[in-house]
Structures are given as C-alpha cells and as structure tokens.
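The file coords_25.cif contains mmCIF, C-alpha atoms:
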```cif
data_target
loop_
_atom_site.label_atom_id
_atom_site.label_comp_id
_atom_site.auth_asym_id
_atom_site.auth_seq_id
_atom_site.Cartn_x
_atom_site.Cartn_y
_atom_site.Cartn_z
CA MET S 44 -6.26 29.05 70.49
CA HIS S 45 -8.99 28.18 67.98
CA LYS S 46 -8.52 24.40 68.35
CA SER S 47 -9.23 24.39 72.08
CA LYS S 48 -12.40 26.44 71.74
CA GLU S 49 -15.99 25.25 71.41
CA PHE S 50 -17.61 27.37 68.71
CA ILE S 51 -21.30 28.26 68.97
CA GLY S 52 -22.97 29.70 65.88
CA ILE S 53 -25.74 32.23 66.51
CA ASP S 54 -28.37 33.34 64.01
CA ILE S 55 -30.25 36.23 65.60
CA SER S 56 -33.50 37.94 64.62
CA LYS S 57 -35.87 40.42 66.24
CA LYS S 58 -37.68 38.01 68.58
CA VAL S 59 -35.47 34.91 68.85
CA PHE S 60 -31.94 33.70 68.31
CA ASP S 61 -31.02 30.22 67.06
CA VAL S 62 -27.78 28.61 68.22
CA TRP S 63 -25.85 25.52 67.15
CA SER S 64 -22.99 23.72 68.80
CA GLU S 65 -21.25 20.44 67.97
CA LYS S 66 -21.59 19.56 71.65
CA TRP S 67 -25.33 20.01 72.17
CA GLY S 68 -26.76 20.66 68.71
CA TYR S 69 -29.53 23.14 67.91
CA LYS S 70 -31.42 25.30 70.41
CA GLN S 71 -33.55 28.43 70.26
CA PHE S 72 -33.91 31.24 72.80
CA LYS S 73 -35.99 34.40 73.07
CA ASN S 74 -34.17 37.61 72.21
CA THR S 75 -34.72 38.97 75.73
CA SER S 76 -32.68 39.31 78.91
CA GLU S 77 -34.28 36.07 80.16
CA GLY S 78 -33.27 34.30 76.95
CA PHE S 79 -29.72 35.64 77.28
CA SER S 80 -29.44 34.29 80.84
CA ALA S 81 -30.79 30.87 79.83
CA PHE S 82 -28.25 30.68 76.99
CA LEU S 83 -25.41 31.69 79.32
CA LEU S 84 -26.05 28.61 81.48
CA LEU S 85 -24.94 26.39 78.57
CA LEU S 86 -21.61 28.13 78.10
CA THR S 87 -18.21 27.27 79.54
CA SER S 88 -14.83 28.98 79.67
CA GLN S 89 -14.05 27.32 76.32
CA SER S 90 -17.14 28.70 74.55
CA TRP S 91 -16.63 31.11 71.64
CA CYS S 92 -19.84 32.61 70.27
CA VAL S 93 -19.91 33.73 66.64
CA MET S 94 -22.74 35.74 65.11
CA GLU S 95 -23.47 37.96 62.12
CA PHE S 96 -23.64 41.74 62.15
CA THR S 97 -27.43 42.05 61.74
CA GLY S 98 -28.41 45.67 62.20
CA SER S 99 -29.30 46.39 65.82
CA TYR S 100 -30.42 42.83 66.69
CA TYR S 101 -27.01 41.40 67.51
CA HIS S 102 -25.70 44.18 69.75
CA GLN S 103 -27.49 43.51 73.05
CA LEU S 104 -26.61 39.81 73.02
CA ALA S 105 -22.99 40.50 72.03
CA LEU S 106 -22.72 43.09 74.82
CA PHE S 107 -24.28 40.69 77.35
CA LEU S 108 -21.84 37.91 76.43
CA HIS S 109 -18.86 40.27 76.48
CA ASP S 110 -19.83 41.60 79.92
CA ASN S 111 -19.99 37.98 81.15
CA ASP S 112 -16.46 37.24 79.89
CA VAL S 113 -17.59 35.07 76.97
CA ALA S 114 -15.50 35.22 73.78
CA VAL S 115 -17.56 36.81 70.99
CA SER S 116 -16.91 37.42 67.29
CA VAL S 117 -19.21 39.39 65.02
CA VAL S 118 -18.82 38.67 61.30
CA ASN S 119 -20.04 40.57 58.25
CA PRO S 120 -23.11 38.66 56.92
CA LEU S 121 -21.85 39.05 53.35
CA VAL S 122 -18.72 37.12 54.32
CA ILE S 123 -20.86 34.32 55.76
CA LYS S 124 -23.08 34.36 52.66
CA ARG S 125 -20.09 33.96 50.35
CA PHE S 126 -18.72 31.18 52.54
CA ILE S 127 -22.05 29.31 52.34
CA GLN S 128 -22.14 29.74 48.56
CA MET S 129 -18.57 28.49 48.30
CA LYS S 130 -19.54 25.37 50.26
CA LEU S 131 -22.55 24.88 47.95
CA GLN S 132 -24.96 24.95 50.85
CA HIS S 133 -28.38 25.66 49.31
CA ASN S 134 -30.85 24.82 52.10
CA LYS S 135 -31.16 28.07 54.03
CA THR S 136 -32.81 27.82 57.46
CA ASP S 137 -32.05 29.41 60.81
CA LYS S 138 -30.66 26.08 62.01
CA SER S 139 -28.43 25.62 58.95
CA ASP S 140 -27.24 29.25 59.18
CA ALA S 141 -26.12 28.77 62.79
CA ARG S 142 -24.39 25.52 61.85
CA MET S 143 -22.60 27.09 58.87
CA ILE S 144 -21.38 29.92 61.12
CA VAL S 145 -19.67 27.27 63.28
CA ARG S 146 -18.11 25.75 60.17
CA TYR S 147 -16.90 29.19 59.12
CA ALA S 148 -15.42 29.81 62.59
CA LYS S 149 -13.47 26.54 62.48
CA GLU S 150 -11.97 27.28 59.06
CA GLN S 151 -11.41 31.05 59.08
CA PRO S 152 -9.44 33.42 61.35
CA LEU S 153 -11.59 35.35 63.83
CA SER S 154 -11.11 38.52 65.82
CA LEU S 155 -12.69 39.10 69.20
CA TRP S 156 -15.51 41.64 69.32
CA LYS S 157 -15.25 44.58 71.67
CA PRO S 158 -18.07 47.04 72.39
CA GLN S 159 -17.68 50.56 71.13
CA PRO S 160 -16.99 53.32 73.68
CA GLN S 161 -20.04 54.68 75.47
CA TYR S 162 -19.68 58.11 73.87
CA ILE S 163 -19.84 56.55 70.39
CA ARG S 164 -22.98 54.64 71.38
CA ASP S 165 -24.49 57.88 72.71
CA CYS S 166 -23.62 59.62 69.45
CA LYS S 167 -25.20 56.84 67.40
CA ASP S 168 -28.41 57.14 69.43
CA LEU S 169 -28.46 60.89 68.70
CA HIS S 170 -27.74 60.22 65.03
CA THR S 171 -30.63 57.73 64.85
CA VAL S 172 -33.09 60.31 66.18
CA ILE S 173 -31.68 63.04 63.91
CA SER S 174 -32.17 60.75 60.90
CA LEU S 175 -35.73 60.03 62.00
CA TYR S 176 -36.52 63.74 62.32
CA HIS S 177 -35.04 64.44 58.88
CA LYS S 178 -37.32 61.79 57.35
CA GLN S 179 -40.34 63.28 59.14
CA ARG S 180 -39.34 66.76 57.99
CA THR S 181 -39.04 65.62 54.36
CA ALA S 182 -42.47 63.95 54.53
CA LEU S 183 -44.03 67.11 55.99
CA LYS S 184 -42.35 69.35 53.40
CA ASN S 185 -43.72 67.15 50.61
CA LYS S 186 -47.18 67.23 52.16
CA LEU S 187 -46.96 71.02 52.52
CA HIS S 188 -46.12 71.39 48.81
CA SER S 189 -49.09 69.17 48.02
CA PHE S 190 -51.41 71.32 50.15
CA VAL S 191 -50.15 74.50 48.50
CA ASP S 192 -50.62 73.02 45.02
CA GLN S 193 -54.20 72.18 45.97
CA GLY S 194 -54.76 75.75 47.09
CA LEU S 195 -55.30 74.80 50.73
CA LYS S 196 -54.80 77.49 53.37
CA GLY S 197 -55.66 78.12 56.99
CA LYS S 198 -55.13 75.92 60.04
CA VAL S 199 -53.92 72.80 58.23
CA VAL S 200 -51.06 74.58 56.45
CA THR S 201 -50.21 76.58 59.58
CA SER S 202 -50.04 73.38 61.64
CA VAL S 203 -47.70 71.66 59.17
CA LYS S 204 -45.41 74.71 59.04
CA ARG S 205 -45.31 74.83 62.84
CA HIS S 206 -44.42 71.14 63.01
CA ILE S 207 -41.58 71.66 60.51
CA ARG S 208 -40.20 74.53 62.62
CA GLN S 209 -40.34 72.32 65.72
CA LEU S 210 -38.42 69.57 63.92
CA ASP S 211 -35.84 72.10 62.71
CA ALA S 212 -35.31 73.24 66.29
CA GLU S 213 -34.97 69.66 67.58
CA ILE S 214 -32.54 68.73 64.80
CA LYS S 215 -30.42 71.79 65.55
CA LEU S 216 -30.39 70.97 69.28
CA LEU S 217 -29.42 67.31 68.77
CA GLU S 218 -26.74 68.18 66.22
CA SER S 219 -25.27 70.63 68.73
CA GLN S 220 -25.22 67.91 71.42
CA LEU S 221 -23.60 65.50 68.95
CA GLU S 222 -20.88 67.99 68.07
CA THR S 223 -20.19 68.71 71.75
CA ILE S 224 -19.61 65.01 72.46
CA ILE S 225 -17.28 64.60 69.47
CA LYS S 226 -15.33 67.73 70.41
CA THR S 227 -14.92 66.37 73.93
CA HIS S 228 -13.58 62.97 72.84
CA GLU S 229 -12.27 63.38 69.27
CA GLN S 230 -11.28 67.06 68.95
CA GLU S 231 -7.93 66.37 67.26
CA LEU S 232 -9.41 63.95 64.72
CA LEU S 233 -12.26 66.36 63.95
CA SER S 234 -9.83 69.23 63.45
CA ASN S 235 -7.64 67.12 61.14
CA LEU S 236 -10.62 65.98 59.07
CA LEU S 237 -11.82 69.56 58.67
CA SER S 238 -8.47 70.40 57.06
CA ILE S 239 -9.58 68.40 53.99
CA PRO S 240 -10.84 70.90 51.38
CA GLY S 241 -14.50 70.19 50.67
CA LEU S 242 -15.28 68.06 53.72
CA GLY S 243 -17.96 69.78 55.81
CA ARG S 244 -18.28 69.82 59.60
CA LYS S 245 -21.48 67.75 59.75
CA THR S 246 -20.01 65.16 57.39
CA ALA S 247 -16.78 64.91 59.38
CA ILE S 248 -18.74 64.38 62.60
CA LEU S 249 -20.93 61.70 60.99
CA LEU S 250 -17.85 59.89 59.67
CA ILE S 251 -16.32 59.78 63.16
CA VAL S 252 -19.57 58.54 64.71
CA CYS S 253 -20.36 55.87 62.11
CA THR S 254 -16.81 54.49 61.92
CA ASN S 255 -15.89 54.70 65.61
CA GLY S 256 -13.10 57.07 64.67
CA PHE S 257 -12.07 54.87 61.69
CA LYS S 258 -10.64 52.29 64.11
CA THR S 259 -12.11 49.20 62.43
CA PHE S 260 -11.08 49.94 58.83
CA GLU S 261 -7.79 48.88 57.28
CA ASN S 262 -8.17 50.44 53.82
CA SER S 263 -10.37 52.78 51.82
CA ARG S 264 -12.04 49.93 49.91
CA GLN S 265 -13.52 48.63 53.16
CA LEU S 266 -14.69 52.13 54.04
CA SER S 267 -16.33 52.70 50.65
CA ALA S 268 -18.09 49.34 50.82
CA PHE S 269 -19.31 50.13 54.35
CA PHE S 270 -21.03 53.32 53.16
CA GLY S 271 -22.35 51.78 49.93
CA LEU S 272 -20.07 53.79 47.64
CA SER S 273 -18.13 50.93 46.05
CA PRO S 274 -18.81 50.50 42.30
CA VAL S 275 -20.98 47.61 41.14
CA ILE S 276 -21.22 46.63 37.47
CA ARG S 277 -24.72 45.59 36.42
CA ALA S 278 -24.91 43.67 33.15
CA SER S 279 -28.02 42.21 31.56
CA GLY S 280 -28.72 39.76 28.76
CA SER S 281 -25.86 39.24 26.36
CA SER S 282 -24.39 42.67 27.05
CA VAL S 283 -20.71 42.53 27.96
CA ARG S 284 -20.43 46.09 29.19
CA GLY S 285 -22.72 46.84 32.08
CA LYS S 286 -23.43 50.16 33.76
CA THR S 287 -21.32 51.00 36.78
CA ARG S 288 -23.36 52.00 39.82
CA ILE S 289 -22.78 52.18 43.55
CA SER S 290 -24.06 49.45 45.86
CA LYS S 291 -26.01 51.88 48.12
CA ARG S 292 -25.57 49.69 51.17
CA GLY S 293 -24.87 51.40 54.46
CA ASN S 294 -25.92 54.74 55.91
CA PRO S 295 -27.81 56.86 53.33
CA MET S 296 -27.43 60.11 55.30
CA VAL S 297 -23.63 59.84 55.32
CA ARG S 298 -23.67 58.93 51.63
CA ASN S 299 -25.80 61.98 50.80
CA HIS S 300 -23.58 64.28 52.87
CA LEU S 301 -20.47 62.97 51.12
CA PHE S 302 -22.06 63.42 47.70
CA MET S 303 -22.92 67.04 48.52
CA CYS S 304 -19.33 67.58 49.70
CA SER S 305 -18.06 66.27 46.37
CA PHE S 306 -19.40 69.38 44.58
CA THR S 307 -17.13 71.59 46.68
CA ALA S 308 -14.25 69.11 46.74
CA TYR S 309 -13.86 68.83 42.97
CA SER S 310 -13.27 72.58 42.75
CA LYS S 311 -11.28 73.22 45.98
CA ASN S 312 -9.47 69.92 46.62
CA HIS S 313 -6.83 69.64 43.91
CA GLN S 314 -6.52 65.84 44.19
CA CYS S 315 -10.28 65.50 43.83
CA LYS S 316 -10.28 68.00 40.96
CA ALA S 317 -7.59 66.03 39.09
CA LEU S 318 -9.56 62.82 39.59
CA TYR S 319 -12.82 64.43 38.44
CA GLU S 320 -11.25 65.89 35.29
CA ARG S 321 -9.49 62.64 34.42
CA ILE S 322 -12.75 60.67 34.55
CA VAL S 323 -14.77 63.28 32.62
CA ASN S 324 -12.04 63.54 29.97
CA LYS S 325 -12.41 59.79 29.41
CA GLY S 326 -15.97 60.50 28.28
CA LYS S 327 -17.62 59.18 31.43
CA SER S 328 -20.51 60.91 33.16
CA LYS S 329 -20.08 63.77 35.61
CA LYS S 330 -22.15 61.85 38.16
CA LEU S 331 -19.70 58.95 38.01
CA ALA S 332 -16.85 61.42 38.44
CA LEU S 333 -18.53 62.88 41.54
CA ILE S 334 -18.96 59.38 43.00
CA ALA S 335 -15.23 58.86 42.48
CA VAL S 336 -14.63 62.15 44.31
CA THR S 337 -16.71 60.95 47.28
CA ASN S 338 -14.52 57.84 47.43
CA LYS S 339 -11.42 60.02 47.28
CA LEU S 340 -12.75 62.06 50.23
CA LEU S 341 -13.22 58.84 52.18
CA ALA S 342 -9.69 57.71 51.31
CA GLN S 343 -8.27 61.06 52.42
CA SER S 344 -10.29 60.91 55.66
CA LEU S 345 -9.03 57.43 56.47
CA ALA S 346 -5.41 58.37 55.70
CA ILE S 347 -5.64 61.39 58.00
CA ALA S 348 -7.30 59.36 60.77
CA LYS S 349 -4.59 56.68 60.59
CA SER S 350 -1.66 59.11 60.35
CA GLY S 351 -2.89 61.65 62.90
CA VAL S 352 -1.79 64.58 60.71
CA ARG S 353 -3.64 67.29 58.84
CA TYR S 354 -4.36 67.31 55.10
CA ASP S 355 -1.31 67.53 52.84
CA PRO S 356 -2.12 68.56 49.24
CA ASP S 357 1.14 67.00 48.04
CA PHE S 358 0.52 63.61 49.64
CA LYS S 359 0.60 60.59 47.32
CA SER S 360 -0.78 57.20 48.31
CA VAL S 361 1.80 54.45 48.74
CA ASN S 362 -0.92 51.86 48.16
CA PRO S 363 -2.93 52.98 45.11
CA SER S 364 -4.39 49.49 44.77
CA ASN S 365 -6.86 50.45 47.50
CA ASN S 366 -8.47 52.90 45.10
CA PHE S 367 -11.36 51.94 42.84
CA SER S 368 -11.16 52.17 39.07
CA PHE S 369 -14.08 54.14 37.60
#
```
Show me the file's structure as structure tokens.
Amino acid sequence: MHKSKEFIGIDISKKVFDVWSEKWGYKQFKNTSEGFSAFLLLLTSQSWCVMEFTGSYYHQLALFLHDNDVAVSVVNPLVIKRFIQMKLQHNKTDKSDARMIVRYAKEQPLSLWKPQPQYIRDCKDLHTVISLYHKQRTALKNKLHSFVDQGLKGKVVTSVKRHIRQLDAEIKLLESQLETIIKTHEQELLSNLLSIPGLGRKTAILLIVCTNGFKTFENSRQLSAFFGLSPVIRASGSSVRGKTRISKRGNPMVRNHLFMCSFTAYSKNHQCKALYERIVNKGKSKKLALIAVTNKLLAQSLAIAKSGVRYDPDFKSVNPSNNFSF
C-alpha cells in the first residue's frame, strides 16, 4: 500500500504550514481554513499526508484532511528528530523538515491517524481550562502571601481572596462536569482504575482523558515517556555515573497528581511498597523510589485498562522488560 501512495510531508506551525512532495516540490500555506482548502486542491486519492505531533497546531489540519477522506499519519517529533540525526541531516529548515518527513514515510511503517472521540475532545477542553485556573489560583495565592508579609490589608487583600474563591468554585464545577462525562462513557474503566490502591479519583479521570482510555499505548514504557516519568541519566565532564532524573516532558498536572498518589501507594499498594523498599534498601534516594512507584502505578493502570479487570494484588507481569530500572 505504501508504494502506490504519494507522500506529502507537512511541517506545521502557529501561522503557516510547509509541505513537500516529490511531485510538486515545496509549498507553503496559511494555517487557516482557507489555507486548508487551497492545500486540498493539490491532493489526489493517492495522497498520504504525514505530519508531526506538534502540540495543538497539527490537530485542525489533521481533522480537516481526515474529514475529506485524505490518508493522514501523525508521528512523534522525537522519532522524526532521531531519524534526521541518523541520516546526518544537519541543515534544519521548514522546507528540509517537510522533505525529511517524506523520506521517513517512505522508509518506515506508518499507521493512519484517527480523531479522538468527541467526548474525549470535550474532556480535554475542560482539562485545559482547569489547568489554566489552577495556574491563576497559584499565582494569586503567592501574591496573597506577599501582601500579607508586607502587612497589607483592606480592599486589595479582600479582592484577591474573593478571586481565589471564585476560581475554586469554577474548578469544582468544571471537575464535576469532567467526571460526569467520563462516568457516562468510561464508567467501567474508571471503576477498575479506582480499584488500584493509592490511585485517586481525579488522577484516574485525568489518565483516561489524556490517554484516550489508554487506547494508543502498547506498553508502560511508552506511557511513562508520554507523561515525562521515564528516567534520564545526566552525566557531565569525565564523570561516568550521572544522576538519574525524569524527563519531565508531557502533562505536568498528571505528573504531579501521580507523584502525590505515590505517597499513598507505597504504603497501601503492596507491589508499590515492595518496589519502594527495594530501591531504598539499595541506598538510593526516597524521591527516586517514589518516582519508581509512580511508574508502577502507570503500569498497573495500563494493565487494568488492557485486561478490563479490576486490580489483583497477586498479579505478576509476564513482560517485566517493560519496567524501568531505577
């Protein structure tokens, strides 16, 4: 199927998207509905568009192409980056990126992109606003502490406190709406996830929303990397042994929720407790042990989502190679 297709590489940014095809070379279009329509005129039934997962920029174009029956693949930008490095391509421009995406498409297996269900998209919109309100709330709380330290009183302090209460109310309302949607569409999965000792309700809901019900993940390593919890060794100078840290890519709110869950999990989840104690007994830090526990929670969540059964404390992984070594 790949050989008969005409691959078009797309490098997309906020205002424009650059495309490259072996048939008609390089072109640039505005990242608007008019630009999408102009690009569509160049495509045929043999066209296969390939682009990188670039935050929110790619989604509208991918959805437009999908709705117009154009084959679309969306590739992790890190995969493309490694491919370019492997091919020793050093000149990085929008044109060269689009061209290298075509080269990648011709040499590597691709999967067709499908849009997420509407309820997941609605949940992600709610999650985006909730995250925004949490950031605003944190900024206001910090400012309030600063005002109090300065001895300020009166209308300014009262106004900030009122604004914080309003944000609290909005966050509570949106979280309730988010939970209602998930209960409507993913009640069984939510119930199964909540059977994991230490995994909280808000965290379980966020995991479902951010992973589309775990449908696009094959193993726990992929899941950990997606949320920025995979270990990265940083070495400097002539040092052989570097410090192990997490990559911190991905959604910080989910990562923070998981880390908070790890405190409960290492005492109530006996698999997490055994992992925590094993790492600490090796002389490694408690923080590193807690990070390992967060990864264990992700692995348990994925296993439950794939199997469709509730948590089993006696379950043993048949593929331990998916686990990280801390």
Using the chain letters and numbers from the file, give me the residues hit by the PyMOL selection byres ((chain S and resi 148) around 9), as a PyMOL selection string. chain S and resi 45+50-52+93+143-147+149-153
Give me, please, the distance in Å between atom CA of S:Leu183 and atom CA of S:Arg292, quoted to one decimal.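 Answer for the atom CA of S:Leu183 to atom CA of S:Arg292 separation: 25.8 Å.
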Please, which residues are within 12 Å of (-17.1, 38.8, 79.5) by the file's coordinates, counting only C-alpha atoms, and could they come as a list of chain:residue names?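 Those residues, ordered by chain and then number, are S:Leu83, S:Leu86, S:Thr87, S:Ser88, S:Ser90, S:Trp91, S:Cys92, S:Leu104, S:Ala105, S:Leu106, S:Phe107, S:Leu108, S:His109, S:Asp110, S:Asn111, S:Asp112, S:Val113, S:Ala114, S:Val115, S:Leu155, S:Trp156, S:Lys157, S:Pro158.
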Using the chain letters and residue numbers of this document, give as a compact mmCIF listing (two decimals) with C-alpha atoms, in the frame of the given file the residues selected by the PyMOL selection byres ((chain S and resi 322-338) around 7).
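Result file follows (out.txt):
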```
# COMPACT_ATOMS: atom_id res chain seq x y z
CA SER S 267 -16.33 52.70 50.65
CA LEU S 272 -20.07 53.79 47.64
CA LEU S 301 -20.47 62.97 51.12
CA PHE S 302 -22.06 63.42 47.70
CA SER S 305 -18.06 66.27 46.37
CA TYR S 309 -13.86 68.83 42.97
CA CYS S 315 -10.28 65.50 43.83
CA LEU S 318 -9.56 62.82 39.59
CA TYR S 319 -12.82 64.43 38.44
CA GLU S 320 -11.25 65.89 35.29
CA ARG S 321 -9.49 62.64 34.42
CA LYS S 339 -11.42 60.02 47.28
CA LEU S 340 -12.75 62.06 50.23
CA LEU S 341 -13.22 58.84 52.18
CA ALA S 342 -9.69 57.71 51.31
CA PHE S 369 -14.08 54.14 37.60
```
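Atom CA of S:His102 to atom CA of S:Ile251 spans 19.4 Å [interatomic distance, one decimal].
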From S:Asn299, S:Gln128, S:Ser80, S:Ser56, residue lying nearest S:Phe96 [all atoms listed in the file]: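 For S:Phe96, the nearest of the candidates is S:Ser56.
Our summary of the geometry notes that atom CA of S:Gln179 is positioned 13.1 Å from atom CA of S:Arg205.
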Set up a box along x, y and z of the file covering all listed atoms of stretch 220-231 of chain S, add 4 Å on every one of the six sides, and write the centre and edge lengths in Å to one decimal, as lines of an AutoDock Vina configuration file.
```
center_x = -16.6
center_y = 65.8
center_z = 70.6
size_x = 25.3
size_y = 13.7
size_z = 14.7
```
Picked residues, the PyMOL selection byres ((chain S and resi 344-353) around 12), as a ChimeraX atom specification: /S:229-243,246-251,254-267,301,337-343,354-362,365
Please provide the set of residues having any atom within 10 Å of stretch 213-224 of chain S, restricted to all atoms listed in the file, with same-chain residues fewer than 6 positions apart removed, written as a ChimeraX atom specification. /S:162-163,165-170,172-177,180,207,230,233,244-245,248-249,252
I want to know what sits within 9 Å of S:Ala268, based on all atoms listed in the file, with residues of the same chain fewer than 6 positions away left out; could you give that as a PyMOL selection string? chain S and resi 274+290-293
S:Gln89, S:Thr227, S:Gln159, S:Ser99: which is nearest S:Lys66, counting all atoms listed in the file?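 Checking each of S:Gln89, S:Thr227, S:Gln159, S:Ser99 against S:Lys66, counting all atoms listed in the file, the winner is S:Gln89.
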Taking into account only C-alpha atoms, which residue in the set S:Met94, S:Met296, S:Gln103, S:Val191 is nearest to S:Val122?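 The answer is S:Met94, which sits nearest to S:Val122.
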Could you write stretch 287-306 of chain S as an mmCIF file, in the coordinates of the input, with N, CA and C atoms rebuilt where they are missing?
```
data_model
loop_
_atom_site.group_PDB
_atom_site.id
_atom_site.type_symbol
_atom_site.label_atom_id
_atom_site.label_comp_id
_atom_site.auth_asym_id
_atom_site.auth_seq_id
_atom_site.Cartn_x
_atom_site.Cartn_y
_atom_site.Cartn_z
ATOM 1 N N THR S 287 -21.933 50.972 35.460
ATOM 2 C CA THR S 287 -21.320 51.000 36.780
ATOM 3 C C THR S 287 -22.150 51.870 37.714
ATOM 4 N N ARG S 288 -22.581 51.283 38.822
ATOM 5 C CA ARG S 288 -23.360 52.000 39.820
ATOM 6 C C ARG S 288 -22.731 51.749 41.188
ATOM 7 N N ILE S 289 -23.252 52.440 42.193
ATOM 8 C CA ILE S 289 -22.780 52.180 43.550
ATOM 9 C C ILE S 289 -23.746 51.207 44.224
ATOM 10 N N SER S 290 -23.260 50.501 45.231
ATOM 11 C CA SER S 290 -24.060 49.450 45.860
ATOM 12 C C SER S 290 -25.203 50.006 46.704
ATOM 13 N N LYS S 291 -25.017 51.204 47.272
ATOM 14 C CA LYS S 291 -26.010 51.880 48.120
ATOM 15 C C LYS S 291 -26.342 51.116 49.392
ATOM 16 N N ARG S 292 -25.421 50.270 49.829
ATOM 17 C CA ARG S 292 -25.570 49.690 51.170
ATOM 18 C C ARG S 292 -25.082 50.724 52.177
ATOM 19 N N GLY S 293 -25.406 50.503 53.440
ATOM 20 C CA GLY S 293 -24.870 51.400 54.460
ATOM 21 C C GLY S 293 -25.744 52.612 54.711
ATOM 22 N N ASN S 294 -25.188 53.581 55.408
ATOM 23 C CA ASN S 294 -25.920 54.740 55.910
ATOM 24 C C ASN S 294 -26.206 55.751 54.796
ATOM 25 N N PRO S 295 -27.485 55.940 54.425
ATOM 26 C CA PRO S 295 -27.810 56.860 53.330
ATOM 27 C C PRO S 295 -27.536 58.327 53.658
ATOM 28 N N MET S 296 -27.675 58.718 54.936
ATOM 29 C CA MET S 296 -27.430 60.110 55.300
ATOM 30 C C MET S 296 -25.961 60.473 55.097
ATOM 31 N N VAL S 297 -25.059 59.587 55.516
ATOM 32 C CA VAL S 297 -23.630 59.840 55.320
ATOM 33 C C VAL S 297 -23.313 59.895 53.830
ATOM 34 N N ARG S 298 -23.899 58.975 53.079
ATOM 35 C CA ARG S 298 -23.670 58.930 51.630
ATOM 36 C C ARG S 298 -24.128 60.231 50.972
ATOM 37 N N ASN S 299 -25.286 60.724 51.361
ATOM 38 C CA ASN S 299 -25.800 61.980 50.800
ATOM 39 C C ASN S 299 -24.922 63.166 51.175
ATOM 40 N N HIS S 300 -24.475 63.201 52.429
ATOM 41 C CA HIS S 300 -23.580 64.280 52.870
ATOM 42 C C HIS S 300 -22.282 64.273 52.077
ATOM 43 N N LEU S 301 -21.721 63.083 51.876
ATOM 44 C CA LEU S 301 -20.470 62.970 51.120
ATOM 45 C C LEU S 301 -20.663 63.416 49.674
ATOM 46 N N PHE S 302 -21.797 63.039 49.091
ATOM 47 C CA PHE S 302 -22.060 63.420 47.700
ATOM 48 C C PHE S 302 -22.176 64.936 47.571
ATOM 49 N N MET S 303 -22.823 65.581 48.547
ATOM 50 C CA MET S 303 -22.920 67.040 48.520
ATOM 51 C C MET S 303 -21.537 67.672 48.686
ATOM 52 N N CYS S 304 -20.699 67.071 49.523
ATOM 53 C CA CYS S 304 -19.330 67.580 49.700
ATOM 54 C C CYS S 304 -18.516 67.478 48.421
ATOM 55 N N SER S 305 -18.846 66.488 47.586
ATOM 56 C CA SER S 305 -18.060 66.270 46.370
ATOM 57 C C SER S 305 -18.150 67.463 45.423
ATOM 58 N N PHE S 306 -19.254 68.208 45.457
ATOM 59 C CA PHE S 306 -19.400 69.380 44.580
ATOM 60 C C PHE S 306 -18.378 70.456 44.944
#
```
